[in-house]
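Some notes on the structure that comes next.
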Amino acid sequence: MTKNLTIIMGTGKNQPAAAMLIAILKELNSSGTLYLGYPLLATADEPINVDAILVSVDHGIVAFRFADTSPSDGASWEETIEDQDRLFTGLEAHLRRHESLRRRRGLAFQVNTVTLYPNQIGRVPETDGEHLSFAQLSEWLQGLDPLDDELVTRLLAVLQRVTNIKPMKKRIDAVREGSRGSKLKIIEKSIANLDRWQQAAAIETPEGPQRIRGLAGSGKTVVLALKAALLHSNNPTWDIAFTFQSRALYQQIDDLITRFTFEHISDRPDPNKLQVLHSWGSSGKQGIYSKIASSMNAPIRDFAYASGMYGRDNAFQGICKELLDFSIGAEVVPLFDAVLIDEAQDYPPEFFQLIYKFTREPKRIIWGFDELQKLSESMMPDTDELFGKGDDGESLISLHQAENAPQRDIVLPVCYRNTPWALAVAHGLGIGVYRTEGLVQHPDNPKLWSEIGYDVKAGRLELGERVSLQRSSRNTPEYFRSLLTDRDAISVHDFKVEEQQDRWVADQIRINLGDDELEADDILIVLPDAYTAKSRAAAIISMLARLGISAHLVGVNSSQDEVFREGSVAITHIHRAKGNEAPMVYVVDAQRTVIGQNHVSRRNTLFTAITRSRAWVRVCGYGTKFSVIQDEIDKIVHSDYKLEFNIPSAESLAILRHQEKVGSSRTDSPGGEILEKFLEALENGSLSFDDLPSELRMKNSWNKPSPNSDE
């Protein structure tokens, strides 16, 4: 039986030696994980780089040094032995820090170190380590003590530098077996380890660009944060920027990078060398755009200027193009050695082209891309569209994969955030699978369904064909099915009036905080309408207050950069919710997502709201319109969460595209009423430019803070 050897290609320099080691392990049919060019180990004296580490049930843990030549005299032997001793001491000290790997006063396993030489070596002086030629390695490996599966799992968690992904909460109040809090404790512990795709994405960093793709919830942000910490730790003199689009993610990203950096070097990151920057910026915090503009003494445009000049939909694209044009006649001094871009699907090509121009060779630009940001999209722009071509017509950026080299294009296929049932419901509602009037949207390329984790149960993924789809168990973590049931993971609740809905939500949250053993910041209430968010949140906050429960509206009575607050339930409208998640999510006023003309936008709102849930989601609404959602969810549930529909033909797809375009230009009420409503919301502080939909949210005012800005 062929065993599985996962190979993670780091930044090792000796590629021929790495290739020889891979060949030997494959010939032995070894299992486990092999890290090549493993990240440095922090010690009291100096950092130690490791050429390779193998963690294997068959061979235990082995750290490798690759030597170019055999030692020729006593002095060179002494230096080589001391080098391996430092490797052993650094690795053992690093592992001893973790209680899960210790047995009494020592480690629960033997740490093996070996220096490998390309040719046969002579007599080796007496030493505790091993010095072997590649020809001797196979026999030596077979004589090592094996490890049990549990120890391998713990070792990988430590070596992946993800022990700090584990929840900071102790959940000491979750003591009753089977409570939601106890189940959540198990789920959070289960996701502490990176899977093999995430390992590769985090550690493998090529000399040049890299793309990381996956559904929302597949771990892109965590992987990018870990990669940023690793790059900074290995290269402390580099100028590194991590940029993002949703301001509500600032707290999460900064916290992840800080914890991961501390895991590498036992210190906080240098804020002058590793900067977390919003893509545009605000009046109080510099962003990528404003930093580039400042470097050329170019005008820094605010939202009022950008939207007036280019329109709200194209405001950010317009000022980025303006800056690109300005750079043609200006002195361009690259600002960055590496740039990591989260939520890359939200940016126009001009933003990528600016980053390309201001990043030093070899253009270490790493971008995380959501495979399905909008349900009608299936094709992300290729590198030529994003970065452009040179004067000679050649591509500026290439994702060509060389053999035995770090991957340049990585897909994260497993969704850890959402249960399979919530995902099926979200996708079904999002495209309108069981909508009476038919689909409202569909990806251009039907094959995308298999790429994002659906199995074809019947039919074919071809335009014009009927198909039956179901979430693949391969792309679903086992803990969801073992700990949760489908009817509890997602449920729908119909009410006659708004007050009845709000009272039920408040009562359920009281139960969540009591019987369920959840905490206040485990809960997120999502409002679908930004215009009415302030008044609706006030009503819900009042209802919760009667039960002695604190709550806050994100960005109004809390910082715009902070979503969750200890001891307080977060309430947010849909645009601030994007990019954030919570174990228990209440989607309220859901009937609003089927009222009005712009079906695609409203369906996308419902999709985004449901997929904020990390375990449980409650879809709530009132009035006659809510029956539309309830009926569609019932059909998905009764079909065992299968999505059965006719894939549009090319002609039908074009019609849907046209309807989507027309719908997006309409309002759901007379223009004067909408404008009056918008201006009133701006004036009273219930809406800010940061509250605009996702494609506009990046365009906040630079010199003119929004009315409720805390900066």
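Residues in the structure tokens are numbered from 1 in each chain, the chains being A, B, ... in the order shown, and ligands are numbered from 1 in the order shown.
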Do you know which residues are at most 8 Å from Leu469 (chain A) counting only C-alpha atoms, after dropping those on the same chain fewer than 5 positions away, and could you put them as a ChimeraX atom specification?
/A:454-458,642-644
Writing out the chosen residues with N, CA and C atoms as an mmCIF file, in the first residue's frame:
```cif
data_model
loop_
_atom_site.group_PDB
_atom_site.id
_atom_site.type_symbol
_atom_site.label_atom_id
_atom_site.label_comp_id
_atom_site.auth_asym_id
_atom_site.auth_seq_id
_atom_site.Cartn_x
_atom_site.Cartn_y
_atom_site.Cartn_z
ATOM 1 N N TYR A 454 -18.209 20.447 -4.191
ATOM 2 C CA TYR A 454 -19.470 19.734 -4.399
ATOM 3 C C TYR A 454 -19.241 18.490 -5.264
ATOM 4 N N ASP A 455 -19.930 17.408 -4.903
ATOM 5 C CA ASP A 455 -19.938 16.191 -5.712
ATOM 6 C C ASP A 455 -21.164 16.199 -6.610
ATOM 7 N N VAL A 456 -21.005 15.690 -7.813
ATOM 8 C CA VAL A 456 -22.128 15.565 -8.744
ATOM 9 C C VAL A 456 -22.832 14.243 -8.460
ATOM 10 N N LYS A 457 -24.074 14.310 -8.006
ATOM 11 C CA LYS A 457 -24.851 13.111 -7.700
ATOM 12 C C LYS A 457 -25.625 12.616 -8.910
ATOM 13 N N ALA A 458 -25.946 13.512 -9.788
ATOM 14 C CA ALA A 458 -26.637 13.142 -11.030
ATOM 15 C C ALA A 458 -26.434 14.259 -12.038
ATOM 16 N N LYS A 642 -29.303 18.575 -1.131
ATOM 17 C CA LYS A 642 -28.850 18.531 -2.528
ATOM 18 C C LYS A 642 -29.365 19.771 -3.247
ATOM 19 N N LEU A 643 -28.582 20.256 -4.180
ATOM 20 C CA LEU A 643 -29.001 21.366 -5.040
ATOM 21 C C LEU A 643 -29.278 20.785 -6.420
ATOM 22 N N GLU A 644 -30.548 20.718 -6.789
ATOM 23 C CA GLU A 644 -30.956 20.112 -8.060
ATOM 24 C C GLU A 644 -31.564 21.190 -8.942
#
```
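Residue nearest Ser550 (chain A) within the list A:Tyr310, A:Asn580, A:Arg510, A:Glu517: A:Arg510 [criterion: smallest interatomic distance, only C-alpha atoms].
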All strand (DSSP E) residues (DSSP, backbone) inside region 49-126 of chain A, as a ChimeraX atom specification
/A:49-56,60-66,102-103,106-107,111-117
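Look at region 616-632 of chain A: the protein and nucleic acid residues within 7 Å of it, using only C-alpha atoms and passing over chain neighbours fewer than 4 places away, are Leu429, Tyr434, Arg435, Asp488, Ala489, Ile490, Ser491, Val492, His493, Asp494, Phe495, Lys496, Val497, Glu498, Gln501, Pro583, Met584, Val585, Tyr586, Val587, Val588, Asp589, Ala590, Gln591, Ile610 and Ile636 of chain A.
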Restricted to N, CA and C atoms, what would the selected residues look like written as a tab-separated table (two decimals), in the first residue's frame?
```tsv
chain	number	residue	atom	x	y	z
A	429	LEU	N	-29.84	29.32	-1.64
A	429	LEU	CA	-30.56	30.59	-1.60
A	429	LEU	C	-29.87	31.62	-2.47
A	434	TYR	N	-34.19	26.85	-5.71
A	434	TYR	CA	-35.59	26.45	-5.60
A	434	TYR	C	-36.51	27.67	-5.63
A	435	ARG	N	-36.05	28.74	-6.21
A	435	ARG	CA	-36.86	29.94	-6.38
A	435	ARG	C	-37.93	29.68	-7.44
A	488	ASP	N	-29.98	21.47	13.81
A	488	ASP	CA	-29.50	22.41	14.81
A	488	ASP	C	-28.47	23.37	14.22
A	489	ALA	N	-27.71	22.90	13.25
A	489	ALA	CA	-26.68	23.75	12.63
A	489	ALA	C	-27.31	24.93	11.92
A	490	ILE	N	-28.44	24.70	11.24
A	490	ILE	CA	-29.14	25.80	10.58
A	490	ILE	C	-30.64	25.60	10.72
A	491	SER	N	-31.31	26.64	11.19
A	491	SER	CA	-32.76	26.56	11.34
A	491	SER	C	-33.38	27.88	10.92
A	492	VAL	N	-34.66	27.82	10.56
A	492	VAL	CA	-35.37	29.00	10.06
A	492	VAL	C	-36.56	29.28	10.96
A	493	HIS	N	-36.81	30.57	11.25
A	493	HIS	CA	-37.82	30.94	12.23
A	493	HIS	C	-38.66	32.11	11.70
A	494	ASP	N	-39.97	31.87	11.63
A	494	ASP	CA	-40.92	32.81	11.03
A	494	ASP	C	-41.73	33.50	12.13
A	495	PHE	N	-41.91	34.82	12.00
A	495	PHE	CA	-42.67	35.57	12.99
A	495	PHE	C	-43.67	36.49	12.29
A	496	LYS	N	-44.67	36.92	13.07
A	496	LYS	CA	-45.70	37.77	12.48
A	496	LYS	C	-45.23	39.22	12.37
A	497	VAL	N	-44.55	39.70	13.42
A	497	VAL	CA	-44.12	41.10	13.43
A	497	VAL	C	-42.68	41.20	13.93
A	498	GLU	N	-42.10	42.37	13.71
A	498	GLU	CA	-40.70	42.62	14.07
A	498	GLU	C	-40.44	42.43	15.55
A	501	GLN	N	-40.07	38.84	16.60
A	501	GLN	CA	-38.77	38.30	16.19
A	501	GLN	C	-37.68	38.73	17.15
A	583	PRO	N	-19.41	31.65	16.26
A	583	PRO	CA	-20.02	30.32	16.39
A	583	PRO	C	-21.54	30.34	16.22
A	584	MET	N	-22.22	31.32	16.83
A	584	MET	CA	-23.67	31.42	16.73
A	584	MET	C	-24.04	32.71	16.02
A	585	VAL	N	-24.74	32.59	14.89
A	585	VAL	CA	-25.12	33.77	14.10
A	585	VAL	C	-26.64	33.83	13.99
A	586	TYR	N	-27.18	35.02	14.26
A	586	TYR	CA	-28.61	35.28	14.05
A	586	TYR	C	-28.74	36.22	12.86
A	587	VAL	N	-29.34	35.74	11.78
A	587	VAL	CA	-29.63	36.58	10.62
A	587	VAL	C	-31.07	37.06	10.79
A	588	VAL	N	-31.23	38.33	11.12
A	588	VAL	CA	-32.57	38.86	11.40
A	588	VAL	C	-33.06	39.70	10.22
A	589	ASP	N	-34.37	39.92	10.19
A	589	ASP	CA	-35.00	40.72	9.11
A	589	ASP	C	-34.68	40.14	7.74
A	590	ALA	N	-34.60	38.82	7.66
A	590	ALA	CA	-34.17	38.18	6.40
A	590	ALA	C	-35.16	38.41	5.28
A	591	GLN	N	-36.39	38.76	5.59
A	591	GLN	CA	-37.37	39.01	4.52
A	591	GLN	C	-36.94	40.16	3.62
A	610	ILE	N	-25.36	34.16	6.11
A	610	ILE	CA	-25.40	32.77	6.58
A	610	ILE	C	-23.99	32.22	6.75
A	636	ILE	N	-34.52	22.65	0.26
A	636	ILE	CA	-33.12	22.21	0.35
A	636	ILE	C	-32.99	21.13	1.42
```
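Close contacts of Arg474 (chain A), defined as residues with an atom at most 10 Å away when counting only C-alpha atoms, with chain neighbours fewer than 3 positions off set aside, comprise Pro413, Val414, Gly453, Tyr454, Asp455, Arg471, Pro477 and Glu478 of chain A.
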Print the selection's residues with N, CA and C atoms to a file, as a PDB file, in the first residue's frame.
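Saved as out28.pdb:
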```
ATOM      1  N   PRO A 413      -8.852  23.567  -0.340  1.00  0.00           N
ATOM      2  CA  PRO A 413     -10.150  23.001  -0.727  1.00  0.00           C
ATOM      3  C   PRO A 413     -11.129  22.764   0.413  1.00  0.00           C
ATOM      4  N   VAL A 414     -10.669  22.805   1.672  1.00  0.00           N
ATOM      5  CA  VAL A 414     -11.541  22.468   2.797  1.00  0.00           C
ATOM      6  C   VAL A 414     -12.077  23.740   3.444  1.00  0.00           C
ATOM      7  N   GLY A 453     -15.951  22.184  -3.830  1.00  0.00           N
ATOM      8  CA  GLY A 453     -16.264  21.134  -2.867  1.00  0.00           C
ATOM      9  C   GLY A 453     -17.598  20.444  -3.003  1.00  0.00           C
ATOM     10  N   TYR A 454     -18.209  20.447  -4.191  1.00  0.00           N
ATOM     11  CA  TYR A 454     -19.470  19.734  -4.399  1.00  0.00           C
ATOM     12  C   TYR A 454     -19.241  18.490  -5.264  1.00  0.00           C
ATOM     13  N   ASP A 455     -19.930  17.408  -4.903  1.00  0.00           N
ATOM     14  CA  ASP A 455     -19.938  16.191  -5.712  1.00  0.00           C
ATOM     15  C   ASP A 455     -21.164  16.199  -6.610  1.00  0.00           C
ATOM     16  N   ARG A 471     -22.617  18.657  -1.004  1.00  0.00           N
ATOM     17  CA  ARG A 471     -21.302  18.929  -0.427  1.00  0.00           C
ATOM     18  C   ARG A 471     -20.509  17.641  -0.267  1.00  0.00           C
ATOM     19  N   PRO A 477     -14.773  19.086   7.346  1.00  0.00           N
ATOM     20  CA  PRO A 477     -14.162  18.530   8.558  1.00  0.00           C
ATOM     21  C   PRO A 477     -15.105  17.553   9.254  1.00  0.00           C
ATOM     22  N   GLU A 478     -14.561  16.468   9.754  1.00  0.00           N
ATOM     23  CA  GLU A 478     -15.357  15.413  10.370  1.00  0.00           C
ATOM     24  C   GLU A 478     -16.069  15.896  11.623  1.00  0.00           C
TER      25      GLU A 478
END
```
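What separates CA of Asp444 (chain A) from CA of Ser601 (chain A) is a distance of 17.2 Å.
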Neighbours of Asn4 (chain A) within 12 Å (only C-alpha atoms; same-chain residues fewer than 6 positions away dropped), as a tab-separated table (two decimals) with N, CA, C and O atoms, in the first residue's frame?
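Contents of part15.tsv, as written:
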```tsv
chain	number	residue	atom	x	y	z
A	25	LEU	N	13.03	8.91	0.48
A	25	LEU	CA	11.84	8.70	1.29
A	25	LEU	C	10.71	8.06	0.49
A	25	LEU	O	9.97	7.21	0.99
A	26	LYS	N	10.59	8.44	-0.78
A	26	LYS	CA	9.57	7.83	-1.62
A	26	LYS	C	9.90	6.37	-1.90
A	26	LYS	O	9.01	5.51	-1.95
A	28	LEU	N	11.44	4.42	0.10
A	28	LEU	CA	11.13	3.71	1.34
A	28	LEU	C	9.63	3.63	1.60
A	28	LEU	O	9.20	2.95	2.53
A	29	ASN	N	8.84	4.32	0.79
A	29	ASN	CA	7.39	4.39	0.99
A	29	ASN	C	7.07	4.98	2.36
A	29	ASN	O	6.20	4.48	3.09
A	30	SER	N	7.83	6.02	2.73
A	30	SER	CA	7.65	6.63	4.05
A	30	SER	C	6.40	7.50	4.09
A	30	SER	O	6.02	8.13	3.09
A	31	SER	N	5.78	7.53	5.26
A	31	SER	CA	4.63	8.41	5.47
A	31	SER	C	5.08	9.62	6.27
A	31	SER	O	6.20	9.68	6.77
A	32	GLY	N	4.19	10.58	6.43
A	32	GLY	CA	4.48	11.73	7.27
A	32	GLY	C	4.58	13.03	6.50
A	32	GLY	O	4.08	13.16	5.38
A	33	THR	N	5.23	14.01	7.12
A	33	THR	CA	5.40	15.34	6.53
A	33	THR	C	6.87	15.70	6.50
A	33	THR	O	7.57	15.59	7.52
A	34	LEU	N	7.34	16.12	5.34
A	34	LEU	CA	8.72	16.55	5.17
A	34	LEU	C	8.73	18.04	4.88
A	34	LEU	O	8.17	18.50	3.90
A	56	SER	N	7.31	11.66	11.14
A	56	SER	CA	6.79	10.44	10.52
A	56	SER	C	6.43	9.40	11.57
A	56	SER	O	7.16	9.22	12.55
A	57	VAL	N	5.32	8.71	11.36
A	57	VAL	CA	4.98	7.56	12.20
A	57	VAL	C	6.07	6.50	12.05
A	57	VAL	O	6.42	5.81	13.01
A	58	ASP	N	6.64	6.38	10.86
A	58	ASP	CA	7.64	5.33	10.59
A	58	ASP	C	8.99	5.64	11.21
A	58	ASP	O	9.66	4.74	11.74
A	196	ARG	N	-2.84	19.84	5.28
A	196	ARG	CA	-1.63	19.78	4.44
A	196	ARG	C	-1.62	20.86	3.37
A	196	ARG	O	-0.56	21.30	2.94
```
Distance query Gly459 (chain A) at most 10 Å, only C-alpha atoms, self and fewer than 5 positions along chain excluded, as a VMD selection string:
chain A and resid 465 to 469 644 to 646
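Nearest-residue note for Glu581 (chain A): choosing from A:Ser295, A:Thr436, A:Ser138, A:Asn418, the minimum distance belongs to A:Asn418, counting only C-alpha atoms.
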